[in-house]
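Reviewing the structure listed below.
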Amino acid sequence: MSRFLFLDATTREPGHTGNSETLARHAAASLPAAAEQRWLKLAELDLPPFVDLRHTAGSYPPPTGDLKTLLDATLAATDLVFVSPVYWFSVPSPLKTYLDHWSAWLRVPGVDFKAAMAGKRLWVIATSGSREKAQPMFDSYRLCAEFLAMEFRPPLWGKGGAPGAVLADTEALAAAQSFFAA
Ligand SMILES: Cc1cc2nc3c(=O)[nH]c(=O)nc-3n(C[C@H](O)[C@H](O)[C@H](O)COP(=O)(O)O)c2cc1C
């Protein structure tokens with residue numbers, strides 16, 4: 001059975017739905033009912049800053065709190081979906097912090113993170129002012145997926161801006177309908 005984990009990286013205030021989430025909800029509406037969906041808003045989780053212990057302690061204790069929630073959700077997913085605005089041509093900070101913690105999870109005794117990630121699919125649903133400006137971020141995500149032998153899917157992009165702006169991007173909304181079927 002497929003288990004989709006949607007990680008929303010918007011930094012909009014609680015109660016405000018971003019364009020990336022709006023586009024992702026359109027795409028998720030076409031998922032089969034049997035596919036599990038879990039949605040987490042990264043900015044609402046208490047994620048500590050990543051500390052590089054690779055060449056001192058060399059390993060990390062099992063995470064606790066929201067970090068544990070995220071690790072467990074990541075391991076349980078068959079499909080990770082990055083719901084990601086473009087910030088400064090790049091990865092938004094909540095998602096970047098999450099990715100940095102992958103470097104810790106690779107070194108938690110008893111968690112074979114690299115083996116567990118291999119073969120999971122990585123999907124990206126993004127909005128920004130222009131598609132061209134999103135490319136460096138897409139390339140980063142693709143390289144992260146390749147590093148862990150994940151299957152990287154061609155991203156879905158829509159034109160964002162103020163909340164609701166993506167609803168005017170009819171091409172993106174149409175592409176969303178068949179995104180997960182592709
Ligand atoms: C800090 C910040 C940086 C941004 N940088 C870019 C950028 O480099 N290129 C771009 O096209 N849009 C940029 N944008 C616009 C957002 O990508 C766009 O509004 C997006 O739809 C926001 O996603 P959301 O509605 O899901 O939060 C930026 C917005 C913010 C807040």
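Going through the structure tokens in order, the chains are called A, B, and so on, while each chain numbers its residues from 1 and the ligands are numbered from 1 in the order shown.
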
Give me the residues within 8 Å of region 33-38 of chain A as a PyMOL selection string, counting only C-alpha atoms and dropping any in the same chain fewer than 6 places off. chain A and resi 1-6

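By chain and then residue number, the residues within 12 Å of Thr69 (chain A) are Leu5, Arg38, Leu40, Leu42, Leu45, Asp46, Leu47, Pro62, Pro63, Thr64, Gly65, Asp66, Leu67, Leu71, Asp72, Ala73, Thr74, Leu75, Ala76 and Tyr98 of chain A, counting only C-alpha atoms and disregarding those fewer than 2 positions away in sequence.
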
If you count only C-alpha atoms, which residues fall within 9 Å of region 101-116 of chain A, apart from same-chain ones fewer than 5 positions away, as a PyMOL selection string? chain A and resi 49-54+58-63+67+71+75+96+147-149

Those residues you just picked out, can you put them in a file as an mmCIF file, in the first residue's frame with C-alpha atoms?
data_model
loop_
_atom_site.group_PDB
_atom_site.id
_atom_site.type_symbol
_atom_site.label_atom_id
_atom_site.label_comp_id
_atom_site.auth_asym_id
_atom_site.auth_seq_id
_atom_site.Cartn_x
_atom_site.Cartn_y
_atom_site.Cartn_z
ATOM 1 C CA PRO A 49 18.892 23.464 14.347
ATOM 2 C CA PHE A 50 21.096 20.722 12.940
ATOM 3 C CA VAL A 51 24.488 20.350 14.649
ATOM 4 C CA ASP A 52 27.306 18.667 12.725
ATOM 5 C CA LEU A 53 28.693 15.947 15.017
ATOM 6 C CA ARG A 54 30.101 13.834 12.201
ATOM 7 C CA GLY A 58 30.316 10.650 15.128
ATOM 8 C CA SER A 59 26.789 9.498 15.887
ATOM 9 C CA TYR A 60 23.472 10.942 17.046
ATOM 10 C CA PRO A 61 21.068 9.839 19.765
ATOM 11 C CA PRO A 62 17.636 8.702 18.596
ATOM 12 C CA PRO A 63 15.618 11.873 17.978
ATOM 13 C CA LEU A 67 12.110 15.348 15.196
ATOM 14 C CA LEU A 71 11.862 10.589 11.279
ATOM 15 C CA LEU A 75 10.592 5.993 7.413
ATOM 16 C CA LYS A 96 16.409 22.684 4.395
ATOM 17 C CA PHE A 147 22.283 10.472 -2.996
ATOM 18 C CA LEU A 148 19.904 8.166 -1.174
ATOM 19 C CA ALA A 149 18.964 6.103 -4.234
#

So which residues touch Met150 (chain A) within 6 Å, counting only C-alpha atoms, skipping near sequence neighbours fewer than 2 positions away, as a ChimeraX atom specification? /A:118-121,145-146,148

With C-alpha atoms retained, export the selected residues as a PDB file, in the first residue's frame.
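What landed in result.pdb:
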ATOM      1  CA  ALA A 118      16.403   3.674  -1.079  1.00  0.00           C
ATOM      2  CA  GLY A 119      13.570   3.103  -3.503  1.00  0.00           C
ATOM      3  CA  LYS A 120      11.147   5.580  -1.926  1.00  0.00           C
ATOM      4  CA  ARG A 121       9.749   8.036  -4.450  1.00  0.00           C
ATOM      5  CA  ALA A 145      17.142  11.853  -4.011  1.00  0.00           C
ATOM      6  CA  GLU A 146      20.007  10.420  -6.042  1.00  0.00           C
ATOM      7  CA  LEU A 148      19.904   8.166  -1.174  1.00  0.00           C
TER       8      LEU A 148
END

Show me, as CSV, the residues of chain A having an atom within 10 Å of ligand 1, each with the closest atom pair and its distance in Å, using only C-alpha atoms and all ligand atoms.
residue,atom,partner,partner_atom_place_in_ligand_line,distance
A:Asp8,CA,ligand 1,26 (O),7.9
A:Ala9,CA,ligand 1,26 (O),7.4
A:Thr10,CA,ligand 1,27 (O),4.3
A:Thr11,CA,ligand 1,27 (O),6.1
A:Arg12,CA,ligand 1,27 (O),5.7
A:Glu13,CA,ligand 1,27 (O),9.4
A:His16,CA,ligand 1,27 (O),8.8
A:Thr17,CA,ligand 1,25 (O),7.0
A:Gly18,CA,ligand 1,25 (O),3.3
A:Asn19,CA,ligand 1,25 (O),3.7
A:Ser20,CA,ligand 1,26 (O),3.7
A:Glu21,CA,ligand 1,26 (O),5.7
A:Thr22,CA,ligand 1,26 (O),7.6
A:Leu23,CA,ligand 1,26 (O),8.5
A:Ala24,CA,ligand 1,26 (O),9.5
A:Val83,CA,ligand 1,26 (O),7.4
A:Ser84,CA,ligand 1,26 (O),6.4
A:Pro85,CA,ligand 1,23 (O),4.0
A:Val86,CA,ligand 1,17 (O),4.0
A:Tyr87,CA,ligand 1,3 (C),3.5
A:Trp88,CA,ligand 1,8 (O),3.3
A:Phe89,CA,ligand 1,8 (O),3.7
A:Ser90,CA,ligand 1,8 (O),6.6
A:Val91,CA,ligand 1,8 (O),9.4
A:Pro92,CA,ligand 1,1 (C),7.7
A:Ser93,CA,ligand 1,1 (C),9.1
A:Ile125,CA,ligand 1,26 (O),9.4
A:Ala126,CA,ligand 1,26 (O),7.3
A:Thr127,CA,ligand 1,21 (O),4.4
A:Ser128,CA,ligand 1,17 (O),3.4
A:Gly129,CA,ligand 1,11 (O),3.3
A:Ser130,CA,ligand 1,11 (O),4.6
A:Arg131,CA,ligand 1,11 (O),7.1
A:Glu132,CA,ligand 1,11 (O),7.9
A:Lys133,CA,ligand 1,11 (O),5.2
A:Ala134,CA,ligand 1,11 (O),6.6
A:Gln135,CA,ligand 1,9 (N),9.9
A:Pro136,CA,ligand 1,8 (O),9.8
A:Met137,CA,ligand 1,8 (O),9.6
A:Trp157,CA,ligand 1,21 (O),9.8
A:Gly158,CA,ligand 1,21 (O),7.9
A:Lys159,CA,ligand 1,21 (O),6.5
A:Gly160,CA,ligand 1,21 (O),3.2
A:Gly161,CA,ligand 1,19 (O),3.6
A:Ala162,CA,ligand 1,19 (O),6.0
A:Pro163,CA,ligand 1,25 (O),5.4
A:Gly164,CA,ligand 1,25 (O),7.7
A:Ala165,CA,ligand 1,21 (O),7.5
A:Val166,CA,ligand 1,21 (O),7.4

Just to be explicit: take each residue in the selection above, keep N, CA and C atoms, and write the result as a tab-separated table (two decimals), in the first residue's frame.
chain	number	residue	atom	x	y	z
A	8	ASP	N	4.91	20.22	3.96
A	8	ASP	CA	4.64	21.57	3.47
A	8	ASP	C	5.65	22.53	4.09
A	9	ALA	N	6.38	23.22	3.23
A	9	ALA	CA	7.50	24.07	3.69
A	9	ALA	C	7.16	25.56	3.68
A	10	THR	N	5.89	25.88	3.51
A	10	THR	CA	5.55	27.31	3.52
A	10	THR	C	5.87	27.91	4.90
A	11	THR	N	6.11	29.21	4.93
A	11	THR	CA	6.28	29.88	6.23
A	11	THR	C	5.14	30.88	6.45
A	12	ARG	N	4.05	30.69	5.71
A	12	ARG	CA	2.89	31.57	5.96
A	12	ARG	C	2.35	31.31	7.36
A	13	GLU	N	1.66	32.32	7.91
A	13	GLU	CA	1.15	32.19	9.28
A	13	GLU	C	0.14	31.06	9.38
A	16	HIS	N	-3.24	30.18	7.21
A	16	HIS	CA	-3.15	30.72	5.85
A	16	HIS	C	-2.60	29.62	4.94
A	17	THR	N	-3.37	29.32	3.91
A	17	THR	CA	-2.96	28.24	3.00
A	17	THR	C	-2.12	28.81	1.87
A	18	GLY	N	-0.94	28.25	1.69
A	18	GLY	CA	-0.06	28.71	0.62
A	18	GLY	C	-0.44	28.13	-0.73
A	19	ASN	N	0.13	28.70	-1.77
A	19	ASN	CA	-0.14	28.23	-3.13
A	19	ASN	C	0.39	26.82	-3.37
A	20	SER	N	1.51	26.53	-2.75
A	20	SER	CA	2.10	25.20	-2.97
A	20	SER	C	1.16	24.14	-2.39
A	21	GLU	N	0.61	24.44	-1.20
A	21	GLU	CA	-0.35	23.49	-0.62
A	21	GLU	C	-1.62	23.40	-1.48
A	22	THR	N	-2.09	24.53	-1.96
A	22	THR	CA	-3.30	24.52	-2.81
A	22	THR	C	-3.08	23.62	-4.02
A	23	LEU	N	-1.92	23.75	-4.64
A	23	LEU	CA	-1.62	22.93	-5.82
A	23	LEU	C	-1.47	21.46	-5.42
A	24	ALA	N	-0.83	21.24	-4.28
A	24	ALA	CA	-0.63	19.86	-3.81
A	24	ALA	C	-1.97	19.20	-3.48
A	83	VAL	N	6.28	19.85	-0.58
A	83	VAL	CA	5.34	20.91	-0.98
A	83	VAL	C	6.09	22.20	-0.69
A	84	SER	N	6.66	22.78	-1.75
A	84	SER	CA	7.78	23.67	-1.52
A	84	SER	C	7.73	24.97	-2.32
A	85	PRO	N	7.51	26.09	-1.64
A	85	PRO	CA	7.73	27.35	-2.35
A	85	PRO	C	9.22	27.51	-2.67
A	86	VAL	N	9.52	28.36	-3.64
A	86	VAL	CA	10.92	28.70	-3.92
A	86	VAL	C	11.26	29.95	-3.12
A	87	TYR	N	12.29	29.87	-2.34
A	87	TYR	CA	12.78	31.02	-1.57
A	87	TYR	C	14.20	31.34	-2.04
A	88	TRP	N	14.37	32.51	-2.58
A	88	TRP	CA	15.70	32.93	-3.04
A	88	TRP	C	16.34	31.87	-3.94
A	89	PHE	N	15.54	31.45	-4.93
A	89	PHE	CA	16.00	30.49	-5.95
A	89	PHE	C	16.38	29.15	-5.35
A	90	SER	N	15.92	28.89	-4.16
A	90	SER	CA	16.47	27.74	-3.44
A	90	SER	C	15.43	27.08	-2.54
A	91	VAL	N	15.91	26.18	-1.68
A	91	VAL	CA	15.07	25.39	-0.78
A	91	VAL	C	14.66	26.27	0.41
A	92	PRO	N	13.36	26.33	0.74
A	92	PRO	CA	12.94	27.14	1.90
A	92	PRO	C	13.49	26.56	3.21
A	93	SER	N	13.77	27.42	4.17
A	93	SER	CA	14.53	27.00	5.35
A	93	SER	C	13.90	25.84	6.14
A	125	ILE	N	6.21	19.42	-5.38
A	125	ILE	CA	5.14	20.30	-5.88
A	125	ILE	C	5.51	21.70	-5.41
A	126	ALA	N	5.74	22.59	-6.35
A	126	ALA	CA	6.33	23.88	-6.01
A	126	ALA	C	5.57	25.03	-6.68
A	127	THR	N	5.64	26.18	-6.04
A	127	THR	CA	5.18	27.41	-6.68
A	127	THR	C	6.24	28.49	-6.48
A	128	SER	N	6.24	29.42	-7.43
A	128	SER	CA	7.15	30.58	-7.35
A	128	SER	C	6.71	31.56	-8.43
A	129	GLY	N	7.47	32.66	-8.54
A	129	GLY	CA	7.12	33.67	-9.53
A	129	GLY	C	7.34	33.19	-10.96
A	130	SER	N	8.37	32.38	-11.16
A	130	SER	CA	8.61	31.86	-12.50
A	130	SER	C	9.22	30.46	-12.41
A	131	ARG	N	8.90	29.64	-13.41
A	131	ARG	CA	9.36	28.24	-13.44
A	131	ARG	C	10.88	28.18	-13.52
A	132	GLU	N	11.44	29.10	-14.30
A	132	GLU	CA	12.89	29.11	-14.51
A	132	GLU	C	13.64	29.29	-13.17
A	133	LYS	N	13.05	30.13	-12.31
A	133	LYS	CA	13.71	30.42	-11.03
A	133	LYS	C	13.64	29.24	-10.06
A	134	ALA	N	12.80	28.28	-10.39
A	134	ALA	CA	12.66	27.11	-9.50
A	134	ALA	C	13.68	26.03	-9.82
A	135	GLN	N	14.35	26.14	-10.95
A	135	GLN	CA	15.21	25.04	-11.41
A	135	GLN	C	16.34	24.68	-10.44
A	136	PRO	N	17.06	25.68	-9.86
A	136	PRO	CA	18.12	25.29	-8.91
A	136	PRO	C	17.58	24.47	-7.74
A	137	MET	N	16.38	24.82	-7.27
A	137	MET	CA	15.79	24.07	-6.16
A	137	MET	C	15.43	22.64	-6.61
A	157	TRP	N	5.02	22.24	-11.11
A	157	TRP	CA	5.24	23.65	-10.77
A	157	TRP	C	4.02	24.48	-11.15
A	158	GLY	N	3.69	25.45	-10.29
A	158	GLY	CA	2.64	26.41	-10.61
A	158	GLY	C	3.07	27.82	-10.26
A	159	LYS	N	2.39	28.79	-10.89
A	159	LYS	CA	2.76	30.19	-10.64
A	159	LYS	C	2.10	30.66	-9.35
A	160	GLY	N	2.93	31.05	-8.39
A	160	GLY	CA	2.44	31.47	-7.08
A	160	GLY	C	2.33	32.97	-6.95
A	161	GLY	N	2.46	33.43	-5.73
A	161	GLY	CA	2.29	34.85	-5.42
A	161	GLY	C	1.47	34.93	-4.14
A	162	ALA	N	0.48	35.82	-4.11
A	162	ALA	CA	-0.40	35.90	-2.94
A	162	ALA	C	-1.22	34.62	-2.84
A	163	PRO	N	-1.70	34.28	-1.63
A	163	PRO	CA	-2.50	33.05	-1.49
A	163	PRO	C	-3.64	33.00	-2.52
A	164	GLY	N	-3.78	31.85	-3.16
A	164	GLY	CA	-4.82	31.68	-4.17
A	164	GLY	C	-4.35	31.98	-5.58
A	165	ALA	N	-3.19	32.59	-5.72
A	165	ALA	CA	-2.72	32.98	-7.06
A	165	ALA	C	-2.63	31.79	-8.00
A	166	VAL	N	-2.25	30.65	-7.45
A	166	VAL	CA	-2.03	29.48	-8.31
A	166	VAL	C	-3.34	28.99	-8.95

What lies within 12 Å of Ala174 (chain A) using only C-alpha atoms, ignoring chain neighbours under 2 positions off, as a list in words? Leu23, His26, Ala27, Ser30, Leu156, Trp157, Gly158, Val166, Leu167, Ala168, Asp169, Thr170, Glu171, Ala172, Ala176, Gln177, Ser178 and Phe179 of chain A

Mind listing the strand (DSSP E) residues of region 2-68 of chain A, per DSSP on the backbone, as a ChimeraX atom specification? /A:3-8,36-41

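Distances here use only C-alpha atoms; by that measure, the residue among A:Pro94, A:Asp139, A:Met117, A:Asp79 closest to Leu31 (chain A) is A:Asp79.
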
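Using only C-alpha atoms, the smallest distance between any of A:Ala28, A:Glu44, A:Phe138, A:Trp39 and Pro14 (chain A) comes from A:Glu44.
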
DSSP says helix (DSSP H, G or I) for which residues of region 1-179 of chain A? Put them as an MDAnalysis selection string? chainID A and resid 19:28 42:44 65:76 93:105 113:117 132:147 165:168 170:177

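The interatomic distance for the pair CA of Glu151 (chain A) and CA of Phe82 (chain A) works out to 13.4 Å.
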
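Across the model, the gap from CA of Val124 (chain A) to CA of Arg153 (chain A) is 7.5 Å.
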
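For the atom pair formed by CA of Lys68 (chain A) and CA of Leu99 (chain A), the distance is 14.0 Å, given to one decimal.
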
Nearest candidate to Pro32 (chain A) (options A:His55, A:Asp100, A:Phe180, A:Leu95; using only C-alpha atoms): A:Phe180
